[in-house]
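S.K.: Contents of coords09.cif (mmCIF, C-alpha atoms and all ligand atoms):
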data_coords
#
loop_
_atom_site.label_atom_id
_atom_site.label_comp_id
_atom_site.auth_asym_id
_atom_site.auth_seq_id
_atom_site.Cartn_x
_atom_site.Cartn_y
_atom_site.Cartn_z
CA MET D 1 7.04 -78.78 75.67
CA THR D 2 8.36 -76.42 72.99
CA SER D 3 7.27 -77.59 69.59
CA ALA D 4 8.57 -76.34 66.25
CA ALA D 5 5.08 -75.08 65.50
CA SER D 6 4.94 -72.91 68.63
CA LEU D 7 8.40 -71.48 67.86
CA CYS D 8 7.15 -70.46 64.43
CA ILE D 9 4.40 -68.44 66.07
CA VAL D 10 6.36 -66.92 68.95
CA GLU D 11 9.57 -65.91 67.19
CA PRO D 12 8.17 -63.67 64.43
CA VAL D 13 5.98 -61.81 66.92
CA GLN D 14 8.98 -61.10 69.18
CA ALA D 15 11.17 -60.09 66.24
CA GLU D 16 8.41 -57.82 65.02
CA ALA D 17 8.05 -56.15 68.41
CA ASP D 18 11.81 -55.58 68.51
CA ARG D 19 11.79 -53.99 65.08
CA PHE D 20 9.42 -51.31 66.20
CA THR D 21 10.33 -50.79 69.82
CA SER D 22 14.10 -51.05 69.89
CA ALA D 23 16.06 -47.79 69.61
CA GLY D 24 18.74 -49.88 67.87
CA THR D 25 16.44 -50.39 64.89
CA TRP D 26 16.36 -46.68 64.21
CA GLU D 27 20.04 -46.10 64.99
CA ARG D 28 20.93 -48.67 62.35
CA ALA D 29 18.70 -46.90 59.86
CA GLY D 30 20.97 -43.90 59.34
CA ALA D 31 23.90 -41.74 60.39
CA ALA D 32 23.74 -40.38 63.93
CA TRP D 33 22.69 -36.75 64.35
CA THR D 34 22.47 -35.69 67.97
CA SER D 35 20.32 -33.00 69.52
CA GLU D 36 23.49 -31.01 70.33
CA GLN D 37 24.58 -30.97 66.70
CA LYS D 38 23.39 -28.30 64.29
CA LYS D 39 23.07 -29.26 60.62
CA ARG D 40 22.09 -27.42 57.46
CA LEU D 41 19.01 -29.02 55.96
CA ILE D 42 18.31 -28.46 52.29
CA CYS D 43 14.66 -28.11 51.40
CA CYS D 44 13.82 -30.38 48.46
CA ARG D 45 10.03 -30.18 48.30
CA VAL D 46 7.16 -28.15 49.75
CA PHE D 47 3.51 -29.10 49.38
CA ALA D 48 0.15 -28.11 50.83
CA GLU D 49 -1.63 -30.59 53.10
CA THR D 50 -4.60 -28.26 53.78
CA HIS D 51 -5.29 -24.54 53.31
CA ASP D 52 -3.05 -23.66 56.30
CA VAL D 53 -0.73 -26.67 56.68
CA ARG D 54 2.33 -27.43 54.57
CA THR D 55 4.86 -30.23 54.52
CA PHE D 56 8.54 -29.35 53.98
CA VAL D 57 10.83 -32.16 52.88
CA PHE D 58 14.58 -31.91 53.57
CA SER D 59 17.80 -33.78 52.99
CA THR D 60 21.04 -33.13 54.81
CA GLU D 61 23.72 -31.14 53.03
CA GLU D 62 25.90 -34.28 52.88
CA GLY D 63 23.00 -36.37 51.53
CA LEU D 64 23.52 -38.90 54.31
CA PRO D 65 20.69 -40.91 55.90
CA ILE D 66 19.34 -39.62 59.19
CA SER D 67 18.41 -41.76 62.18
CA PHE D 68 15.61 -40.89 64.56
CA GLU D 69 12.73 -42.57 66.34
CA PRO D 70 9.13 -42.21 65.21
CA GLY D 71 7.55 -39.36 67.19
CA GLN D 72 10.76 -37.35 67.71
CA PHE D 73 11.21 -33.71 66.75
CA ILE D 74 13.97 -31.43 65.47
CA THR D 75 14.68 -27.90 66.70
CA VAL D 76 14.92 -25.50 63.78
CA SER D 77 16.33 -21.99 63.77
CA ALA D 78 16.25 -19.11 61.34
CA GLU D 79 16.91 -15.40 61.39
CA ILE D 80 13.54 -13.73 60.96
CA LYS D 81 13.31 -9.94 60.70
CA GLY D 82 16.82 -9.71 62.12
CA GLN D 83 16.02 -11.86 65.18
CA PRO D 84 17.12 -15.45 65.79
CA VAL D 85 14.01 -17.64 66.18
CA THR D 86 14.07 -21.27 67.35
CA ARG D 87 11.12 -23.68 67.31
CA CYS D 88 10.50 -27.44 67.58
CA TYR D 89 8.82 -29.42 64.80
CA THR D 90 8.02 -33.12 64.87
CA ILE D 91 9.45 -35.19 62.06
CA SER D 92 6.29 -36.30 60.27
CA SER D 93 8.08 -38.69 57.92
CA PRO D 94 9.03 -42.15 59.22
CA PRO D 95 12.58 -43.21 60.13
CA THR D 96 12.17 -46.04 57.64
CA ARG D 97 12.78 -43.50 54.84
CA PRO D 98 16.02 -42.06 56.24
CA TYR D 99 17.35 -40.14 53.23
CA THR D 100 14.87 -37.32 53.70
CA LEU D 101 12.89 -35.95 56.60
CA SER D 102 9.70 -33.92 56.62
CA ILE D 103 8.11 -31.46 58.96
CA THR D 104 4.44 -30.55 58.63
CA VAL D 105 3.68 -27.05 59.84
CA LYS D 106 0.42 -25.29 60.58
CA ARG D 107 0.42 -21.56 59.93
CA VAL D 108 -0.20 -19.81 63.27
CA PRO D 109 -1.73 -16.31 62.92
CA GLY D 110 0.97 -13.81 63.93
CA GLY D 111 3.49 -16.62 64.52
CA ALA D 112 7.11 -15.89 63.61
CA MET D 113 8.47 -19.25 62.43
CA SER D 114 5.37 -20.90 60.95
CA ASN D 115 4.66 -17.86 58.73
CA TRP D 116 8.31 -17.57 57.72
CA LEU D 117 8.37 -21.24 56.72
CA HIS D 118 5.12 -20.94 54.74
CA ASP D 119 6.06 -17.69 53.02
CA SER D 120 9.82 -17.89 52.57
CA LEU D 121 11.16 -21.44 52.58
CA LYS D 122 11.21 -22.84 49.04
CA PRO D 123 12.92 -25.84 47.45
CA GLY D 124 16.67 -25.17 47.46
CA GLY D 125 16.40 -23.08 50.65
CA VAL D 126 18.36 -23.91 53.81
CA LEU D 127 17.13 -24.42 57.35
CA GLN D 128 19.42 -24.87 60.34
CA ALA D 129 18.33 -27.56 62.78
CA HIS D 130 19.48 -29.37 65.89
CA GLY D 131 19.20 -33.16 65.70
CA PRO D 132 16.27 -35.35 66.73
CA SER D 133 15.12 -35.31 70.32
CA GLY D 134 12.14 -36.32 72.43
CA VAL D 135 10.72 -39.28 74.31
CA PHE D 136 7.24 -39.34 72.80
CA THR D 137 7.96 -42.49 70.85
CA PRO D 138 6.74 -46.09 70.99
CA THR D 139 10.35 -47.25 71.50
CA SER D 140 10.04 -47.19 75.26
CA HIS D 141 6.42 -48.43 75.39
CA PRO D 142 6.13 -51.73 73.53
CA ALA D 143 2.53 -52.72 72.88
CA ALA D 144 0.71 -54.95 70.43
CA LYS D 145 -2.36 -52.71 70.39
CA SER D 146 -2.25 -48.92 70.28
CA LEU D 147 -4.69 -46.06 70.25
CA TYR D 148 -3.42 -42.85 68.64
CA LEU D 149 -5.39 -39.74 69.57
CA SER D 150 -4.56 -36.42 67.93
CA ALA D 151 -6.04 -33.06 67.12
CA GLY D 152 -4.95 -30.54 64.46
CA SER D 153 -1.19 -30.44 63.82
CA GLY D 154 -0.78 -32.91 66.74
CA VAL D 155 -1.24 -35.58 64.06
CA THR D 156 2.45 -35.36 63.03
CA PRO D 157 4.19 -37.67 65.57
CA LEU D 158 1.42 -40.27 65.25
CA MET D 159 1.70 -40.10 61.46
CA SER D 160 5.43 -40.87 61.68
CA MET D 161 4.64 -43.84 63.98
CA THR D 162 1.89 -45.11 61.65
CA ARG D 163 4.02 -44.77 58.51
CA ALA D 164 6.96 -46.54 60.21
CA SER D 165 4.77 -49.40 61.41
CA ILE D 166 3.33 -49.94 57.93
CA ASP D 167 6.69 -49.53 56.14
CA LEU D 168 8.11 -52.26 58.40
CA GLY D 169 5.23 -54.55 57.44
CA LEU D 170 4.24 -54.94 61.06
CA ASP D 171 1.03 -56.66 61.96
CA ARG D 172 0.23 -54.07 64.63
CA ASP D 173 -3.21 -53.16 65.71
CA ILE D 174 -3.54 -49.38 65.55
CA VAL D 175 -6.70 -47.32 65.92
CA PHE D 176 -6.03 -43.72 64.97
CA VAL D 177 -8.69 -41.21 66.05
CA HIS D 178 -7.93 -37.76 64.70
CA SER D 179 -9.95 -34.63 65.50
CA SER D 180 -10.19 -31.69 63.08
CA ARG D 181 -12.28 -28.55 62.84
CA THR D 182 -13.92 -29.50 59.53
CA PRO D 183 -13.29 -32.20 56.91
CA GLU D 184 -11.21 -29.78 54.81
CA ASP D 185 -8.87 -29.29 57.79
CA ILE D 186 -7.97 -32.98 57.97
CA ILE D 187 -4.21 -33.31 57.55
CA PHE D 188 -2.95 -36.42 55.67
CA ARG D 189 -6.56 -37.33 54.82
CA ASP D 190 -5.88 -39.12 51.50
CA GLU D 191 -2.80 -40.93 52.78
CA LEU D 192 -4.53 -42.14 55.94
CA ARG D 193 -7.44 -43.39 53.83
CA ARG D 194 -5.04 -45.29 51.56
CA LEU D 195 -3.02 -46.74 54.46
CA ALA D 196 -6.18 -47.94 56.22
CA ALA D 197 -7.38 -49.55 53.00
CA GLU D 198 -4.04 -51.33 52.57
CA SER D 199 -3.61 -52.50 56.15
CA SER D 200 -6.30 -54.62 57.78
CA ARG D 201 -5.09 -53.70 61.27
CA LEU D 202 -5.08 -49.91 60.93
CA GLU D 203 -8.38 -48.21 61.56
CA VAL D 204 -8.66 -44.45 61.05
CA ILE D 205 -11.54 -42.48 62.54
CA HIS D 206 -11.86 -38.77 61.77
CA VAL D 207 -13.93 -36.67 64.15
CA CYS D 208 -14.89 -33.20 62.90
CA GLU D 209 -16.30 -30.40 65.01
CA ALA D 210 -18.38 -29.19 62.06
CA VAL D 211 -19.04 -30.33 58.50
CA GLY D 212 -17.90 -27.02 56.96
CA ASN D 213 -18.00 -27.13 53.16
CA GLU D 214 -18.71 -30.87 53.09
CA PRO D 215 -22.40 -31.27 54.00
CA ASP D 216 -22.34 -34.96 52.99
CA TRP D 217 -19.59 -35.75 55.55
CA LYS D 218 -20.38 -39.23 56.91
CA GLY D 219 -17.96 -39.38 59.87
CA PRO D 220 -18.65 -38.45 63.48
CA VAL D 221 -19.39 -34.77 64.11
CA GLY D 222 -18.49 -33.18 67.45
CA ARG D 223 -15.58 -33.78 69.76
CA LEU D 224 -13.79 -36.84 71.08
CA SER D 225 -15.98 -38.36 73.79
CA LEU D 226 -16.20 -41.44 75.99
CA GLU D 227 -19.34 -42.47 74.10
CA LEU D 228 -17.44 -42.36 70.80
CA LEU D 229 -14.59 -44.45 72.21
CA LEU D 230 -16.96 -47.02 73.74
CA GLN D 231 -18.78 -47.31 70.44
CA ARG D 232 -15.88 -47.25 67.95
CA VAL D 233 -12.93 -48.54 70.03
CA PRO D 234 -14.59 -50.81 72.62
CA ASP D 235 -11.24 -52.39 73.60
CA PHE D 236 -9.55 -49.00 74.27
CA LYS D 237 -8.67 -50.06 77.84
CA GLU D 238 -6.33 -52.72 76.39
CA ARG D 239 -4.43 -50.20 74.25
CA GLU D 240 -1.26 -48.16 74.77
CA VAL D 241 -2.45 -44.60 74.18
CA PHE D 242 -0.38 -41.84 72.50
CA THR D 243 -1.98 -38.39 72.44
CA CYS D 244 -0.87 -35.12 70.84
CA GLY D 245 -2.74 -31.87 70.31
CA PRO D 246 -3.56 -28.56 71.98
CA ALA D 247 -3.51 -28.50 75.79
CA GLY D 248 -7.33 -28.35 76.10
CA TYR D 249 -7.75 -31.38 73.81
CA MET D 250 -5.20 -33.41 75.74
CA ASN D 251 -6.78 -32.57 79.09
CA ALA D 252 -10.14 -33.70 77.69
CA ALA D 253 -8.65 -36.91 76.24
CA LYS D 254 -6.95 -37.75 79.52
CA ASP D 255 -10.16 -37.16 81.44
CA ILE D 256 -12.22 -39.29 79.01
CA LEU D 257 -9.77 -42.17 79.34
CA ARG D 258 -9.68 -41.89 83.12
CA ARG D 259 -13.48 -41.96 83.28
CA GLY D 260 -13.45 -44.96 80.94
CA GLY D 261 -11.12 -46.86 83.32
CA HIS D 262 -7.98 -46.76 81.13
CA ASP D 263 -4.72 -47.42 83.03
CA PRO D 264 -2.93 -44.01 83.26
CA SER D 265 0.49 -45.71 83.15
CA ARG D 266 -0.32 -46.69 79.54
CA TYR D 267 -1.08 -43.09 78.55
CA HIS D 268 1.60 -40.93 76.84
CA GLN D 269 1.24 -37.41 75.56
CA GLU D 270 3.16 -34.57 73.95
CA SER D 271 2.12 -30.96 73.96
CA PHE D 272 2.91 -28.48 71.17
CA ASP D 273 1.15 -25.83 73.17
CA ILE D 274 3.92 -23.61 74.40
CA GLY D 275 1.48 -20.77 74.91
CA ALA D 276 -0.50 -22.87 77.38
CA ALA D 277 2.62 -23.72 79.38
CA GLU D 278 3.61 -20.07 79.50
CA VAL D 279 0.12 -18.86 80.38
CA GLU D 280 -0.08 -21.41 83.21
CA ARG D 281 3.31 -20.34 84.53
CA ASP D 282 2.48 -16.62 84.23
CA ALA D 283 -0.75 -17.28 86.16
CA ARG D 284 1.20 -19.08 88.89
CA GLN D 285 3.66 -16.20 89.07
CA ALA D 286 0.89 -13.59 89.13
CA ALA D 287 -0.84 -15.49 91.94
CA ALA D 288 2.42 -15.63 93.88
CA THR D 289 3.03 -11.90 93.36
CA SER D 290 -0.49 -10.81 94.30
CA ASN D 291 -0.55 -12.89 97.47
CA PRO D 292 1.29 -10.78 100.11
CA VAL D 293 1.73 -13.74 102.49
CA ALA D 294 3.22 -15.89 99.74
CA ALA D 295 5.36 -12.96 98.57
CA GLU D 296 6.75 -12.49 102.08
CA ARG D 297 7.63 -16.18 102.34
CA ARG D 298 9.22 -16.25 98.90
CA GLN D 299 12.91 -17.10 98.84
CA THR D 300 15.18 -14.92 96.69
CA TYR D 301 18.55 -15.91 95.27
CA THR D 302 21.28 -14.33 93.17
CA VAL D 303 22.23 -15.67 89.75
CA ARG D 304 25.70 -14.79 88.40
CA LEU D 305 26.59 -15.25 84.75
CA ALA D 306 30.20 -16.43 84.64
CA ARG D 307 31.05 -15.19 81.14
CA SER D 308 29.66 -11.68 81.46
CA SER D 309 29.94 -11.36 85.27
CA SER D 310 26.47 -9.82 85.31
CA THR D 311 23.99 -10.79 88.02
CA PHE D 312 20.23 -10.85 88.53
CA THR D 313 17.90 -11.99 91.28
CA ILE D 314 15.42 -14.82 91.11
CA ASP D 315 12.72 -16.02 93.46
CA ASP D 316 11.39 -19.52 93.92
CA SER D 317 8.17 -18.81 91.97
CA GLN D 318 10.16 -18.32 88.74
CA THR D 319 12.03 -20.61 86.41
CA VAL D 320 15.65 -19.61 85.77
CA LEU D 321 14.75 -18.94 82.12
CA ALA D 322 11.85 -16.63 83.04
CA ALA D 323 14.03 -14.68 85.50
CA ALA D 324 16.85 -14.40 82.94
CA LYS D 325 14.44 -13.10 80.29
CA GLN D 326 12.95 -10.66 82.79
CA ALA D 327 16.48 -9.38 83.50
CA GLY D 328 17.08 -8.88 79.75
CA VAL D 329 19.53 -11.78 79.38
CA ALA D 330 19.34 -13.39 75.91
CA VAL D 331 19.04 -17.17 76.36
CA ALA D 332 18.22 -19.43 73.39
CA SER D 333 15.01 -21.27 74.23
CA SER D 334 12.06 -22.84 72.48
CA CYS D 335 9.55 -25.21 74.08
CA SER D 336 9.55 -23.83 77.68
CA GLN D 337 8.47 -27.30 78.86
CA GLY D 338 11.74 -29.18 79.36
CA ILE D 339 11.25 -31.04 76.09
CA CYS D 340 13.46 -29.59 73.40
CA GLY D 341 16.76 -28.95 75.19
CA THR D 342 17.44 -25.58 73.51
CA CYS D 343 18.08 -23.79 76.84
CA LYS D 344 20.53 -26.44 78.13
CA THR D 345 23.20 -24.63 80.18
CA ARG D 346 25.99 -25.68 82.52
CA LEU D 347 25.34 -24.93 86.18
CA ILE D 348 28.75 -24.08 87.61
CA GLU D 349 27.65 -23.52 91.21
CA GLY D 350 24.46 -23.95 93.19
CA THR D 351 21.40 -26.20 93.07
CA VAL D 352 18.12 -26.13 91.18
CA ASP D 353 14.92 -28.15 91.25
CA MET D 354 14.58 -29.31 87.62
CA ARG D 355 11.34 -30.94 86.39
CA HIS D 356 12.06 -31.82 82.76
CA ASN D 357 10.08 -33.78 80.19
CA GLY D 358 12.85 -35.73 78.52
CA GLY D 359 14.82 -32.80 77.04
CA ILE D 360 18.04 -33.72 78.85
CA ARG D 361 19.87 -37.01 79.34
CA GLN D 362 21.08 -38.33 82.68
CA ARG D 363 24.70 -38.21 81.51
CA GLU D 364 24.28 -34.50 80.72
CA ILE D 365 22.77 -33.88 84.16
CA ASP D 366 25.73 -35.75 85.66
CA LYS D 367 28.04 -33.33 83.82
CA GLY D 368 26.27 -30.34 85.40
CA MET D 369 23.95 -29.40 82.52
CA ARG D 370 20.44 -28.14 83.34
CA LEU D 371 17.41 -26.98 81.36
CA LEU D 372 16.73 -23.41 82.49
CA CYS D 373 13.07 -23.43 81.34
CA CYS D 374 12.06 -26.04 83.92
CA SER D 375 14.54 -25.32 86.74
CA ARG D 376 13.83 -23.33 89.87
CA ALA D 377 16.67 -22.07 92.06
CA THR D 378 17.14 -23.61 95.50
CA SER D 379 20.35 -21.64 96.23
CA ASP D 380 22.44 -18.85 94.69
CA LEU D 381 23.58 -19.91 91.21
CA VAL D 382 26.52 -19.42 88.85
CA LEU D 383 25.69 -20.25 85.21
CA ASP D 384 28.03 -20.80 82.28
CA LEU D 385 26.53 -17.95 80.27
C1 LIG D 401 7.90 -30.84 70.75
C2 LIG D 401 7.13 -29.92 69.81
C3 LIG D 401 6.80 -30.38 68.54
C4 LIG D 401 6.07 -29.55 67.67
N1 LIG D 401 5.71 -30.04 66.42
C5 LIG D 401 4.95 -29.28 65.62
C6 LIG D 401 4.51 -29.79 64.33
O1 LIG D 401 4.79 -30.93 63.94
N2 LIG D 401 3.76 -28.95 63.55
C7 LIG D 401 3.40 -27.68 63.95
O2 LIG D 401 2.72 -26.98 63.17
N3 LIG D 401 3.80 -27.19 65.16
C8 LIG D 401 4.57 -27.94 65.98
N4 LIG D 401 4.99 -27.44 67.20
C9 LIG D 401 4.69 -26.03 67.53
C10 LIG D 401 5.80 -25.13 66.98
O3 LIG D 401 7.02 -25.37 67.68
C11 LIG D 401 5.52 -23.64 67.12
O4 LIG D 401 5.19 -23.37 68.46
C12 LIG D 401 4.39 -23.15 66.23
O5 LIG D 401 4.68 -23.40 64.86
C13 LIG D 401 4.19 -21.61 66.42
O6 LIG D 401 5.42 -20.99 66.23
P1 LIG D 401 5.51 -19.53 65.57
O7 LIG D 401 6.92 -19.08 65.66
O8 LIG D 401 4.86 -19.50 64.24
O9 LIG D 401 4.58 -18.70 66.53
P2 LIG D 401 5.05 -17.76 67.76
O10 LIG D 401 5.82 -16.60 67.23
O11 LIG D 401 5.68 -18.60 68.78
O12 LIG D 401 3.64 -17.24 68.22
C14 LIG D 401 2.64 -18.15 68.74
C15 LIG D 401 1.42 -17.34 69.10
O13 LIG D 401 1.73 -16.39 70.08
C16 LIG D 401 1.40 -15.10 69.62
N5 LIG D 401 2.48 -14.21 70.06
C17 LIG D 401 3.77 -14.22 69.68
N6 LIG D 401 4.45 -13.26 70.33
C18 LIG D 401 3.56 -12.65 71.14
C19 LIG D 401 3.64 -11.58 72.08
N7 LIG D 401 4.78 -10.93 72.34
N8 LIG D 401 2.52 -11.22 72.76
C20 LIG D 401 1.35 -11.87 72.52
N9 LIG D 401 1.21 -12.88 71.64
C21 LIG D 401 2.30 -13.24 70.97
C22 LIG D 401 1.33 -15.18 68.12
O14 LIG D 401 0.46 -14.22 67.57
C23 LIG D 401 0.84 -16.55 67.92
O15 LIG D 401 -0.57 -16.59 68.01
C24 LIG D 401 5.70 -28.25 68.07
C25 LIG D 401 6.05 -27.80 69.37
C26 LIG D 401 6.75 -28.63 70.22
C27 LIG D 401 7.12 -28.13 71.59
#
Would you write out, as structure tokens, the structure that this file holds?
Ligand SMILES: Cc1cc2nc3c(=O)[nH]c(=O)nc-3n(C[C@H](O)[C@H](O)[C@H](O)COP(=O)(O)OP(=O)(O)OC[C@H]3O[C@@H](n4cnc5c(N)ncnc54)[C@H](O)[C@@H]3O)c2cc1C
M.R.:
Amino acid sequence: MTSAASLCIVEPVQAEADRFTSAGTWERAGAAWTSEQKKRLICCRVFAETHDVRTFVFSTEEGLPISFEPGQFITVSAEIKGQPVTRCYTISSPPTRPYTLSITVKRVPGGAMSNWLHDSLKPGGVLQAHGPSGVFTPTSHPAAKSLYLSAGSGVTPLMSMTRASIDLGLDRDIVFVHSSRTPEDIIFRDELRRLAAESSRLEVIHVCEAVGNEPDWKGPVGRLSLELLLQRVPDFKEREVFTCGPAGYMNAAKDILRRGGHDPSRYHQESFDIGAAEVERDARQAAATSNPVAAERRQTYTVRLARSSSTFTIDDSQTVLAAAKQAGVAVASSCSQGICGTCKTRLIEGTVDMRHNGGIRQREIDKGMRLLCCSRATSDLVLDL
């Protein structure tokens, strides 16, 4: 029997879930801006989060609202020292505040874009960016209970998700475990403290590797561990897990959860660690080159560029992007992991084995587009370049 009382309980919970997990919610929140579309973003505010992390707040040139999903990123480009540089940055602000968007950037020693942003981008400055992209979002993984695990600047997508959930007034159960080097490296520390104080169902746990300049630090010291999860988040096996941080941290988190019996199908991660992806690929390529048997068996193909009529060769140990770069062909690229879509190119002839991570839609694949960073040739190719 369906009583009025039971309807009262069931309906709000369903409506609440829909508000957070339906892409439509975010589409309604602002004007569409696709990942293929470049816009000029006007910087309205810059502020320090820690000694080496800054948040940059932007509005669009037209002042229109922007729609995106919590956890998505934009792909920004700038000319730095005469060279075009493109990088991905997660939108750290929530889609519930659609008139501005923020990115929160850690300064990377020797890094082109992060240093340029920190040193040169001031309020009133302009940044070019391609629209929101990415599948690391709760939209496709509805869950009443979540566990957010992040380290360093990997906090940004989870911060957008947390802010959105609280802005929508959702009664969601979130445990947010963030790892930092020392207490003074904790990004969004004051805001997370305030949000946790305001919301009975958000718990924030900061884990620091060392106490640094804060000897009276009361939180856990060390690294994320199974013991810590069992003690502080005993129901972690029931939670949808979202993880973001350096490659080493994510490998450790995944292993801890696996050992703790967490269902891997409820684990989602995003890597910012382009270096790690490239190092891994270079190692694979080096192994393939140094192994004479493998080298002999390697298949080689020809790639022709339709616009310039130039050609280069590729073997099956290389991605098309790596081979193009090796041959001196300038191809716009950023994440190297099949996430950001910057290297999307039309394949006019031939076949590739593409292993992407959400950076291309099925309808684009159907139209012949491919991401060169995660495609390996399986025949001779002709590219629209
Ligand atoms: C989906 C996604 C979302 C992201 N979101 C964020 C975010 O929210 N916040 C954030 O801070 N970052 C984020 N990143 C990382 C960001 O895109 C950049 O990778 C990061 O800011 C470093 O870029 P950079 O241009 O400063 O450094 P790069 O110029 O790319 O350099 C990186 C490192 O490589 C070294 N290096 C560069 N060139 C060479 C060379 N030729 N030989 C040897 N070493 C070299 C540099 O010294 C430096 O240590 C995200 C990445 C992805 C993929």
S.K.: If we draw a sphere of 9 Å around (14.0, -19.9, 88.5), which residues have at least one atom in it when counting only C-alpha atoms? Please report them as a VMD selection string.
M.R.: chain D and resid 314 to 324 352 to 353 372 to 378
S.K.: Could you write out the selected residues, including C-alpha atoms, as a PDB file, in the coordinates of the input?
M.R.:
ATOM      1  CA  ILE D 314      15.420 -14.820  91.110  1.00  0.00           C
ATOM      2  CA  ASP D 315      12.720 -16.020  93.460  1.00  0.00           C
ATOM      3  CA  ASP D 316      11.390 -19.520  93.920  1.00  0.00           C
ATOM      4  CA  SER D 317       8.170 -18.810  91.970  1.00  0.00           C
ATOM      5  CA  GLN D 318      10.160 -18.320  88.740  1.00  0.00           C
ATOM      6  CA  THR D 319      12.030 -20.610  86.410  1.00  0.00           C
ATOM      7  CA  VAL D 320      15.650 -19.610  85.770  1.00  0.00           C
ATOM      8  CA  LEU D 321      14.750 -18.940  82.120  1.00  0.00           C
ATOM      9  CA  ALA D 322      11.850 -16.630  83.040  1.00  0.00           C
ATOM     10  CA  ALA D 323      14.030 -14.680  85.500  1.00  0.00           C
ATOM     11  CA  ALA D 324      16.850 -14.400  82.940  1.00  0.00           C
ATOM     12  CA  VAL D 352      18.120 -26.130  91.180  1.00  0.00           C
ATOM     13  CA  ASP D 353      14.920 -28.150  91.250  1.00  0.00           C
ATOM     14  CA  LEU D 372      16.730 -23.410  82.490  1.00  0.00           C
ATOM     15  CA  CYS D 373      13.070 -23.430  81.340  1.00  0.00           C
ATOM     16  CA  CYS D 374      12.060 -26.040  83.920  1.00  0.00           C
ATOM     17  CA  SER D 375      14.540 -25.320  86.740  1.00  0.00           C
ATOM     18  CA  ARG D 376      13.830 -23.330  89.870  1.00  0.00           C
ATOM     19  CA  ALA D 377      16.670 -22.070  92.060  1.00  0.00           C
ATOM     20  CA  THR D 378      17.140 -23.610  95.500  1.00  0.00           C
TER      21      THR D 378
END
S.K.: At a cut-off of 7 Å around ligand LIG 401 (chain D), and using all atoms listed in the file, what residues come up? Please write them as a PyMOL selection string.
M.R.: chain D and resi 73+87-92+103-115+153-154+156-157+270-275+335+339-340
S.K.: Please work out which residues fall within 9 Å of (-22.0, -36.4, 66.2), coordinates as given in the file, with all atoms listed in the file counting, and return them as a list in words.
M.R.: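 With a cut-off of 9 Å, the residues come to Val207, Cys208, Glu209, Gly219, Pro220, Val221, Gly222, Arg223 and Leu228 of chain D.
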S.K.: Keeping C-alpha atoms for every residue in the selection just given, could you write it to a file as a CSV table (one decimal), in the frame of the given file?
M.R.:
chain,number,residue,atom,x,y,z
D,207,VAL,CA,-13.9,-36.7,64.2
D,208,CYS,CA,-14.9,-33.2,62.9
D,209,GLU,CA,-16.3,-30.4,65.0
D,219,GLY,CA,-18.0,-39.4,59.9
D,220,PRO,CA,-18.6,-38.4,63.5
D,221,VAL,CA,-19.4,-34.8,64.1
D,222,GLY,CA,-18.5,-33.2,67.4
D,223,ARG,CA,-15.6,-33.8,69.8
D,228,LEU,CA,-17.4,-42.4,70.8
S.K.: Measure the distance from atom CA of Met369 of chain D to atom CA of Thr243 of chain D in Å and round it to one decimal.
M.R.: 29.2 Å
S.K.: Quick one: residues within 7 Å of Ala151 of chain D, all atoms listed in the file counted, chain neighbours fewer than 5 positions away excluded, as a PyMOL selection string?
M.R.: chain D and resi 178-180+244-245
S.K.: Report the distance between atom CA of Leu257 of chain D and atom CA of Ile360 of chain D in Å, rounded to one decimal place.
M.R.: 29.1 Å
S.K.: As an exercise, work out the distance from atom CA of Gly260 of chain D to atom CA of Asp235 of chain D in Å and give it to one decimal place.
M.R.: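 Between atom CA of Gly260 of chain D and atom CA of Asp235 of chain D the gap works out to 10.7 Å.
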S.K.: Would you mind telling me which residue in D:Val303, D:Leu101, D:Val211, D:Ile166 lies nearest to Thr182 of chain D when using all atoms listed in the file?
M.R.: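 Using all atoms listed in the file, the shortest distance to Thr182 of chain D belongs to D:Val211.
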S.K.: Complete the atom set of segment 70-74 of chain D to N, CA, C and O atoms and return it as a short mmCIF file (atom, residue, chain, number, x, y, z; two decimals), keeping the file's coordinate frame.
M.R.:
data_model
loop_
_atom_site.label_atom_id
_atom_site.label_comp_id
_atom_site.auth_asym_id
_atom_site.auth_seq_id
_atom_site.Cartn_x
_atom_site.Cartn_y
_atom_site.Cartn_z
N PRO D 70 10.42 -42.78 65.59
CA PRO D 70 9.13 -42.21 65.21
C PRO D 70 8.55 -41.43 66.37
O PRO D 70 8.53 -41.92 67.50
N GLY D 71 8.11 -40.20 66.13
CA GLY D 71 7.55 -39.36 67.19
C GLY D 71 8.52 -38.29 67.66
O GLY D 71 8.12 -37.37 68.37
N GLN D 72 9.80 -38.37 67.25
CA GLN D 72 10.76 -37.35 67.71
C GLN D 72 10.65 -36.06 66.90
O GLN D 72 10.03 -36.04 65.84
N PHE D 73 11.27 -35.01 67.43
CA PHE D 73 11.21 -33.71 66.75
C PHE D 73 12.61 -33.16 66.53
O PHE D 73 13.57 -33.63 67.15
N ILE D 74 12.71 -32.17 65.63
CA ILE D 74 13.97 -31.43 65.47
C ILE D 74 13.73 -30.00 65.94
O ILE D 74 12.57 -29.56 66.02
#
